[in-house]
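Chemist: Take a look at protein-v3.cif, mmCIF, N, CA and C atoms:
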data_protein
loop_
_atom_site.label_atom_id
_atom_site.label_comp_id
_atom_site.auth_asym_id
_atom_site.auth_seq_id
_atom_site.Cartn_x
_atom_site.Cartn_y
_atom_site.Cartn_z
N MET A 9 -50.23 222.66 71.24
CA MET A 9 -50.15 222.01 72.53
C MET A 9 -50.17 223.07 73.63
N GLN A 10 -51.00 222.85 74.63
CA GLN A 10 -51.09 223.79 75.75
C GLN A 10 -49.88 223.62 76.66
N SER A 11 -49.46 224.73 77.25
CA SER A 11 -48.39 224.63 78.23
C SER A 11 -48.97 224.13 79.54
N PRO A 12 -48.17 223.40 80.32
CA PRO A 12 -48.68 222.87 81.59
C PRO A 12 -49.00 224.00 82.56
N LEU A 13 -49.95 223.73 83.45
CA LEU A 13 -50.31 224.72 84.46
C LEU A 13 -49.17 224.96 85.44
N ILE A 14 -48.38 223.91 85.69
CA ILE A 14 -47.26 224.00 86.62
C ILE A 14 -46.02 223.53 85.89
N SER A 15 -44.98 224.34 85.95
CA SER A 15 -43.74 223.97 85.27
C SER A 15 -42.93 223.00 86.12
N ARG A 16 -41.87 222.49 85.54
CA ARG A 16 -40.98 221.59 86.27
C ARG A 16 -40.37 222.29 87.48
N GLN A 17 -40.43 223.61 87.52
CA GLN A 17 -39.91 224.34 88.67
C GLN A 17 -40.71 224.04 89.92
N ALA A 18 -41.86 223.40 89.78
CA ALA A 18 -42.67 223.05 90.94
C ALA A 18 -42.15 221.77 91.61
N ILE A 19 -41.08 221.21 91.09
CA ILE A 19 -40.46 220.06 91.73
C ILE A 19 -39.49 220.59 92.77
N TRP A 20 -39.77 220.29 94.03
CA TRP A 20 -38.99 220.82 95.14
C TRP A 20 -38.12 219.71 95.72
N PRO A 21 -36.81 219.83 95.60
CA PRO A 21 -35.95 218.82 96.25
C PRO A 21 -36.01 219.00 97.77
N SER A 22 -35.89 217.90 98.48
CA SER A 22 -35.88 218.01 99.93
C SER A 22 -35.13 216.84 100.55
N TYR A 23 -34.66 217.05 101.74
CA TYR A 23 -34.08 215.96 102.52
C TYR A 23 -35.22 215.05 102.97
N ASP A 24 -34.90 213.87 103.40
CA ASP A 24 -35.90 212.88 103.82
C ASP A 24 -36.21 213.04 105.31
N THR A 25 -36.80 214.21 105.64
CA THR A 25 -37.18 214.49 107.03
C THR A 25 -38.56 215.13 107.06
N LYS A 26 -39.22 215.04 108.21
CA LYS A 26 -40.52 215.69 108.38
C LYS A 26 -40.40 217.21 108.20
N LEU A 27 -39.37 217.79 108.81
CA LEU A 27 -39.19 219.24 108.72
C LEU A 27 -39.00 219.67 107.26
N ALA A 28 -38.22 218.92 106.50
CA ALA A 28 -38.00 219.26 105.09
C ALA A 28 -39.31 219.17 104.31
N GLY A 29 -40.12 218.15 104.59
CA GLY A 29 -41.41 218.02 103.92
C GLY A 29 -42.35 219.16 104.25
N MET A 30 -42.36 219.56 105.51
CA MET A 30 -43.20 220.67 105.94
C MET A 30 -42.75 221.96 105.27
N ASP A 31 -41.45 222.23 105.28
CA ASP A 31 -40.93 223.45 104.66
C ASP A 31 -41.19 223.48 103.15
N ALA A 32 -40.99 222.34 102.48
CA ALA A 32 -41.21 222.27 101.04
C ALA A 32 -42.68 222.49 100.70
N LEU A 33 -43.58 221.92 101.49
CA LEU A 33 -45.00 222.09 101.23
C LEU A 33 -45.42 223.55 101.41
N ILE A 34 -44.93 224.18 102.45
CA ILE A 34 -45.26 225.59 102.69
C ILE A 34 -44.74 226.46 101.55
N ALA A 35 -43.51 226.22 101.09
CA ALA A 35 -42.95 226.99 99.98
C ALA A 35 -43.71 226.72 98.68
N LEU A 36 -44.06 225.47 98.44
CA LEU A 36 -44.80 225.12 97.22
C LEU A 36 -46.16 225.81 97.21
N ARG A 37 -46.89 225.76 98.32
CA ARG A 37 -48.20 226.40 98.38
C ARG A 37 -48.10 227.92 98.23
N ALA A 38 -47.02 228.50 98.72
CA ALA A 38 -46.84 229.95 98.58
C ALA A 38 -46.65 230.33 97.11
N ASP A 39 -45.91 229.52 96.38
CA ASP A 39 -45.64 229.81 94.97
C ASP A 39 -46.72 229.28 94.02
N HIS A 40 -47.40 228.22 94.41
CA HIS A 40 -48.38 227.56 93.54
C HIS A 40 -49.63 227.18 94.34
N PRO A 41 -50.43 228.15 94.75
CA PRO A 41 -51.60 227.84 95.58
C PRO A 41 -52.65 226.98 94.86
N GLN A 42 -52.55 226.88 93.54
CA GLN A 42 -53.52 226.10 92.78
C GLN A 42 -53.23 224.60 92.81
N VAL A 43 -52.11 224.20 93.38
CA VAL A 43 -51.75 222.79 93.43
C VAL A 43 -52.80 222.03 94.23
N THR A 44 -53.21 220.86 93.72
CA THR A 44 -54.23 220.05 94.40
C THR A 44 -53.67 218.73 94.92
N ALA A 45 -52.43 218.40 94.55
CA ALA A 45 -51.83 217.14 95.01
C ALA A 45 -50.32 217.25 94.97
N VAL A 46 -49.67 216.53 95.89
CA VAL A 46 -48.20 216.44 95.88
C VAL A 46 -47.80 214.98 96.01
N ALA A 47 -46.74 214.62 95.33
CA ALA A 47 -46.14 213.29 95.46
C ALA A 47 -44.78 213.50 96.10
N CYS A 48 -44.58 212.90 97.24
CA CYS A 48 -43.35 213.09 98.02
C CYS A 48 -42.39 211.94 97.78
N ASN A 49 -41.11 212.19 97.99
CA ASN A 49 -40.08 211.18 97.75
C ASN A 49 -40.03 210.11 98.84
N GLY A 50 -40.89 210.19 99.83
CA GLY A 50 -40.93 209.18 100.88
C GLY A 50 -42.04 209.50 101.87
N ASP A 51 -42.40 208.52 102.67
CA ASP A 51 -43.47 208.70 103.63
C ASP A 51 -43.15 209.71 104.72
N VAL A 52 -41.89 209.79 105.11
CA VAL A 52 -41.51 210.75 106.16
C VAL A 52 -41.71 212.17 105.64
N VAL A 53 -41.33 212.41 104.39
CA VAL A 53 -41.53 213.73 103.78
C VAL A 53 -43.03 214.01 103.64
N ALA A 54 -43.81 212.99 103.26
CA ALA A 54 -45.26 213.16 103.14
C ALA A 54 -45.88 213.51 104.49
N LEU A 55 -45.39 212.88 105.55
CA LEU A 55 -45.87 213.22 106.89
C LEU A 55 -45.58 214.68 107.20
N GLY A 56 -44.39 215.15 106.85
CA GLY A 56 -44.05 216.56 107.03
C GLY A 56 -44.95 217.47 106.21
N ALA A 57 -45.27 217.04 104.98
CA ALA A 57 -46.18 217.83 104.15
C ALA A 57 -47.55 217.94 104.81
N CYS A 58 -48.02 216.84 105.39
CA CYS A 58 -49.31 216.87 106.11
C CYS A 58 -49.25 217.82 107.31
N LEU A 59 -48.12 217.83 107.99
CA LEU A 59 -47.95 218.77 109.12
C LEU A 59 -47.96 220.21 108.62
N GLY A 60 -47.34 220.44 107.45
CA GLY A 60 -47.36 221.78 106.85
C GLY A 60 -48.77 222.22 106.50
N LEU A 61 -49.56 221.29 105.98
CA LEU A 61 -50.96 221.61 105.70
C LEU A 61 -51.71 221.96 106.98
N GLN A 62 -51.49 221.15 108.00
CA GLN A 62 -52.14 221.39 109.29
C GLN A 62 -51.76 222.76 109.84
N LYS A 63 -50.49 223.10 109.72
CA LYS A 63 -50.01 224.41 110.20
C LYS A 63 -50.70 225.55 109.46
N ALA A 64 -51.05 225.31 108.18
CA ALA A 64 -51.72 226.34 107.37
C ALA A 64 -53.25 226.30 107.55
N GLY A 65 -53.74 225.42 108.44
CA GLY A 65 -55.17 225.32 108.67
C GLY A 65 -55.90 224.51 107.61
N LEU A 66 -55.16 223.70 106.86
CA LEU A 66 -55.73 222.87 105.80
C LEU A 66 -55.72 221.41 106.23
N VAL A 67 -56.48 220.59 105.49
CA VAL A 67 -56.60 219.17 105.82
C VAL A 67 -56.15 218.33 104.63
N SER A 68 -55.21 217.41 104.89
CA SER A 68 -54.77 216.53 103.82
C SER A 68 -55.91 215.60 103.42
N GLY A 69 -56.04 215.37 102.13
CA GLY A 69 -57.12 214.55 101.62
C GLY A 69 -58.37 215.35 101.28
N ARG A 70 -58.53 216.47 101.91
CA ARG A 70 -59.66 217.35 101.61
C ARG A 70 -59.20 218.56 100.81
N ASP A 71 -58.20 219.27 101.34
CA ASP A 71 -57.71 220.48 100.68
C ASP A 71 -56.57 220.20 99.71
N LEU A 72 -55.84 219.15 99.94
CA LEU A 72 -54.70 218.80 99.09
C LEU A 72 -54.38 217.33 99.31
N SER A 73 -54.20 216.59 98.23
CA SER A 73 -53.84 215.18 98.34
C SER A 73 -52.33 215.05 98.51
N VAL A 74 -51.92 214.16 99.41
CA VAL A 74 -50.50 213.95 99.70
C VAL A 74 -50.19 212.47 99.50
N ILE A 75 -49.19 212.20 98.67
CA ILE A 75 -48.78 210.82 98.37
C ILE A 75 -47.35 210.64 98.84
N GLY A 76 -47.09 209.55 99.53
CA GLY A 76 -45.73 209.19 99.94
C GLY A 76 -45.40 207.79 99.45
N PHE A 77 -44.17 207.40 99.60
CA PHE A 77 -43.71 206.08 99.18
C PHE A 77 -42.94 205.43 100.32
N GLY A 78 -43.12 204.15 100.51
CA GLY A 78 -42.30 203.43 101.47
C GLY A 78 -43.07 202.69 102.55
N ASP A 79 -44.36 202.97 102.71
CA ASP A 79 -45.17 202.26 103.69
C ASP A 79 -44.64 202.37 105.11
N PHE A 80 -44.25 203.57 105.50
CA PHE A 80 -43.79 203.86 106.85
C PHE A 80 -44.97 203.70 107.80
N GLY A 81 -44.82 202.94 108.85
CA GLY A 81 -45.91 202.57 109.73
C GLY A 81 -46.74 203.70 110.30
N ARG A 82 -46.14 204.79 110.73
CA ARG A 82 -46.88 205.86 111.41
C ARG A 82 -47.65 206.76 110.47
N THR A 83 -47.43 206.68 109.17
CA THR A 83 -48.11 207.61 108.26
C THR A 83 -49.59 207.31 108.10
N GLY A 84 -50.02 206.10 108.40
CA GLY A 84 -51.44 205.78 108.30
C GLY A 84 -52.28 206.48 109.35
N ASP A 85 -51.63 207.08 110.35
CA ASP A 85 -52.33 207.76 111.43
C ASP A 85 -52.71 209.19 111.10
N THR A 86 -52.25 209.73 109.96
CA THR A 86 -52.51 211.13 109.66
C THR A 86 -53.74 211.30 108.79
#
Mind converting the file's structure to structure tokens?

Modeler:
Amino acid sequence: MQSPLISRQAIWPSYDTKLAGMDALIALRADHPQVTAVACNGDVVALGACLGLQKAGLVSGRDLSVIGFGDFGRTGDT
């Protein structure tokens, strides 16, 4: 059996805030630049992850897929 490309250490706990999502995404990309998708614990965190991508000059959906949960109204605008 092959070992996974990313270990469970790639699971980043975060608070349910935009800033926490942005910080977690930046840290994750620094440690695991090969990541192509993230699943966030909520839409607010996913919005922060999208902001982190934008800050790095990347585009969500093109450079990295971002998934959130909760159907938060403003997340459809990103």

Chemist: Write out as a PyMOL selection string the residues lying within 6.5 Å of region 16-30 of chain A, counting all atoms listed in the file and excluding same-chain residues fewer than 5 positions away.

Modeler: chain A and resi 35+52-61

Chemist: Taking the chain letters and numbering used in this document, name the residues of region 11-80 of chain A that DSSP puts in strand (DSSP E), as a ChimeraX atom specification.

Modeler: /A:45-47,73-75

Chemist: Near Cys48 (chain A), within 6.5 Å and counting all atoms listed in the file, which residues show up once chain neighbours fewer than 3 positions away are dropped, as an MDAnalysis selection string?

Modeler: chainID A and resid 51 53:54 74:77

Chemist: I'd like the interatomic distance between CA of Arg37 (chain A) and atom N of Gly78 (chain A), to a tenth of an Å.

Modeler: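 Between these atoms lies a distance of 22.9 Å.
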
Chemist: Between atom N of Asp31 (chain A) and atom C of Gln62 (chain A), what is the distance, to one decimal in Å?

Modeler: 11.3 Å

Chemist: Compile the contact shell of Ser73 (chain A) as number ranges by chain: residues with an atom at most 6.5 Å away, counting all atoms listed in the file, same-chain residues fewer than 4 positions apart removed.

Modeler: A: 44-47, 68-69

Chemist: If you measure from CA of Gly50 (chain A) to atom N of Leu72 (chain A), what distance in Å do you get, rounded to one decimal?

Modeler: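 It comes out at 18.0 Å.
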
Chemist: Let's see if you can do this: from backbone DSSP, list all helix (DSSP H, G or I) residues in region 38-86 of chain A, as an MDAnalysis selection string.

Modeler: chainID A and resid 38:39 51:63 81:85

Chemist: Pull N, CA and C atoms from the residues just selected and write them as a PDB file, keeping the file's coordinate frame.

Modeler:
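Contents of part25.pdb, as written:
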ATOM      1  N   ALA A  38     -47.020 228.500  98.720  1.00  0.00           N
ATOM      2  CA  ALA A  38     -46.840 229.950  98.580  1.00  0.00           C
ATOM      3  C   ALA A  38     -46.650 230.330  97.110  1.00  0.00           C
ATOM      4  N   ASP A  39     -45.910 229.520  96.380  1.00  0.00           N
ATOM      5  CA  ASP A  39     -45.640 229.810  94.970  1.00  0.00           C
ATOM      6  C   ASP A  39     -46.720 229.280  94.020  1.00  0.00           C
ATOM      7  N   ASP A  51     -42.400 208.520 102.670  1.00  0.00           N
ATOM      8  CA  ASP A  51     -43.470 208.700 103.630  1.00  0.00           C
ATOM      9  C   ASP A  51     -43.150 209.710 104.720  1.00  0.00           C
ATOM     10  N   VAL A  52     -41.890 209.790 105.110  1.00  0.00           N
ATOM     11  CA  VAL A  52     -41.510 210.750 106.160  1.00  0.00           C
ATOM     12  C   VAL A  52     -41.710 212.170 105.640  1.00  0.00           C
ATOM     13  N   VAL A  53     -41.330 212.410 104.390  1.00  0.00           N
ATOM     14  CA  VAL A  53     -41.530 213.730 103.780  1.00  0.00           C
ATOM     15  C   VAL A  53     -43.030 214.010 103.640  1.00  0.00           C
ATOM     16  N   ALA A  54     -43.810 212.990 103.260  1.00  0.00           N
ATOM     17  CA  ALA A  54     -45.260 213.160 103.140  1.00  0.00           C
ATOM     18  C   ALA A  54     -45.880 213.510 104.490  1.00  0.00           C
ATOM     19  N   LEU A  55     -45.390 212.880 105.550  1.00  0.00           N
ATOM     20  CA  LEU A  55     -45.870 213.220 106.890  1.00  0.00           C
ATOM     21  C   LEU A  55     -45.580 214.680 107.200  1.00  0.00           C
ATOM     22  N   GLY A  56     -44.390 215.150 106.850  1.00  0.00           N
ATOM     23  CA  GLY A  56     -44.050 216.560 107.030  1.00  0.00           C
ATOM     24  C   GLY A  56     -44.950 217.470 106.210  1.00  0.00           C
ATOM     25  N   ALA A  57     -45.270 217.040 104.980  1.00  0.00           N
ATOM     26  CA  ALA A  57     -46.180 217.830 104.150  1.00  0.00           C
ATOM     27  C   ALA A  57     -47.550 217.940 104.810  1.00  0.00           C
ATOM     28  N   CYS A  58     -48.020 216.840 105.390  1.00  0.00           N
ATOM     29  CA  CYS A  58     -49.310 216.870 106.110  1.00  0.00           C
ATOM     30  C   CYS A  58     -49.250 217.820 107.310  1.00  0.00           C
ATOM     31  N   LEU A  59     -48.120 217.830 107.990  1.00  0.00           N
ATOM     32  CA  LEU A  59     -47.950 218.770 109.120  1.00  0.00           C
ATOM     33  C   LEU A  59     -47.960 220.210 108.620  1.00  0.00           C
ATOM     34  N   GLY A  60     -47.340 220.440 107.450  1.00  0.00           N
ATOM     35  CA  GLY A  60     -47.360 221.780 106.850  1.00  0.00           C
ATOM     36  C   GLY A  60     -48.770 222.220 106.500  1.00  0.00           C
ATOM     37  N   LEU A  61     -49.560 221.290 105.980  1.00  0.00           N
ATOM     38  CA  LEU A  61     -50.960 221.610 105.700  1.00  0.00           C
ATOM     39  C   LEU A  61     -51.710 221.960 106.980  1.00  0.00           C
ATOM     40  N   GLN A  62     -51.490 221.150 108.000  1.00  0.00           N
ATOM     41  CA  GLN A  62     -52.140 221.390 109.290  1.00  0.00           C
ATOM     42  C   GLN A  62     -51.760 222.760 109.840  1.00  0.00           C
ATOM     43  N   LYS A  63     -50.490 223.100 109.720  1.00  0.00           N
ATOM     44  CA  LYS A  63     -50.010 224.410 110.200  1.00  0.00           C
ATOM     45  C   LYS A  63     -50.700 225.550 109.460  1.00  0.00           C
ATOM     46  N   GLY A  81     -44.820 202.940 108.850  1.00  0.00           N
ATOM     47  CA  GLY A  81     -45.910 202.570 109.730  1.00  0.00           C
ATOM     48  C   GLY A  81     -46.740 203.700 110.300  1.00  0.00           C
ATOM     49  N   ARG A  82     -46.140 204.790 110.730  1.00  0.00           N
ATOM     50  CA  ARG A  82     -46.880 205.860 111.410  1.00  0.00           C
ATOM     51  C   ARG A  82     -47.650 206.760 110.470  1.00  0.00           C
ATOM     52  N   THR A  83     -47.430 206.680 109.170  1.00  0.00           N
ATOM     53  CA  THR A  83     -48.110 207.610 108.260  1.00  0.00           C
ATOM     54  C   THR A  83     -49.590 207.310 108.100  1.00  0.00           C
ATOM     55  N   GLY A  84     -50.020 206.100 108.400  1.00  0.00           N
ATOM     56  CA  GLY A  84     -51.440 205.780 108.300  1.00  0.00           C
ATOM     57  C   GLY A  84     -52.280 206.480 109.350  1.00  0.00           C
ATOM     58  N   ASP A  85     -51.630 207.080 110.350  1.00  0.00           N
ATOM     59  CA  ASP A  85     -52.330 207.760 111.430  1.00  0.00           C
ATOM     60  C   ASP A  85     -52.710 209.190 111.100  1.00  0.00           C
TER      61      ASP A  85
END
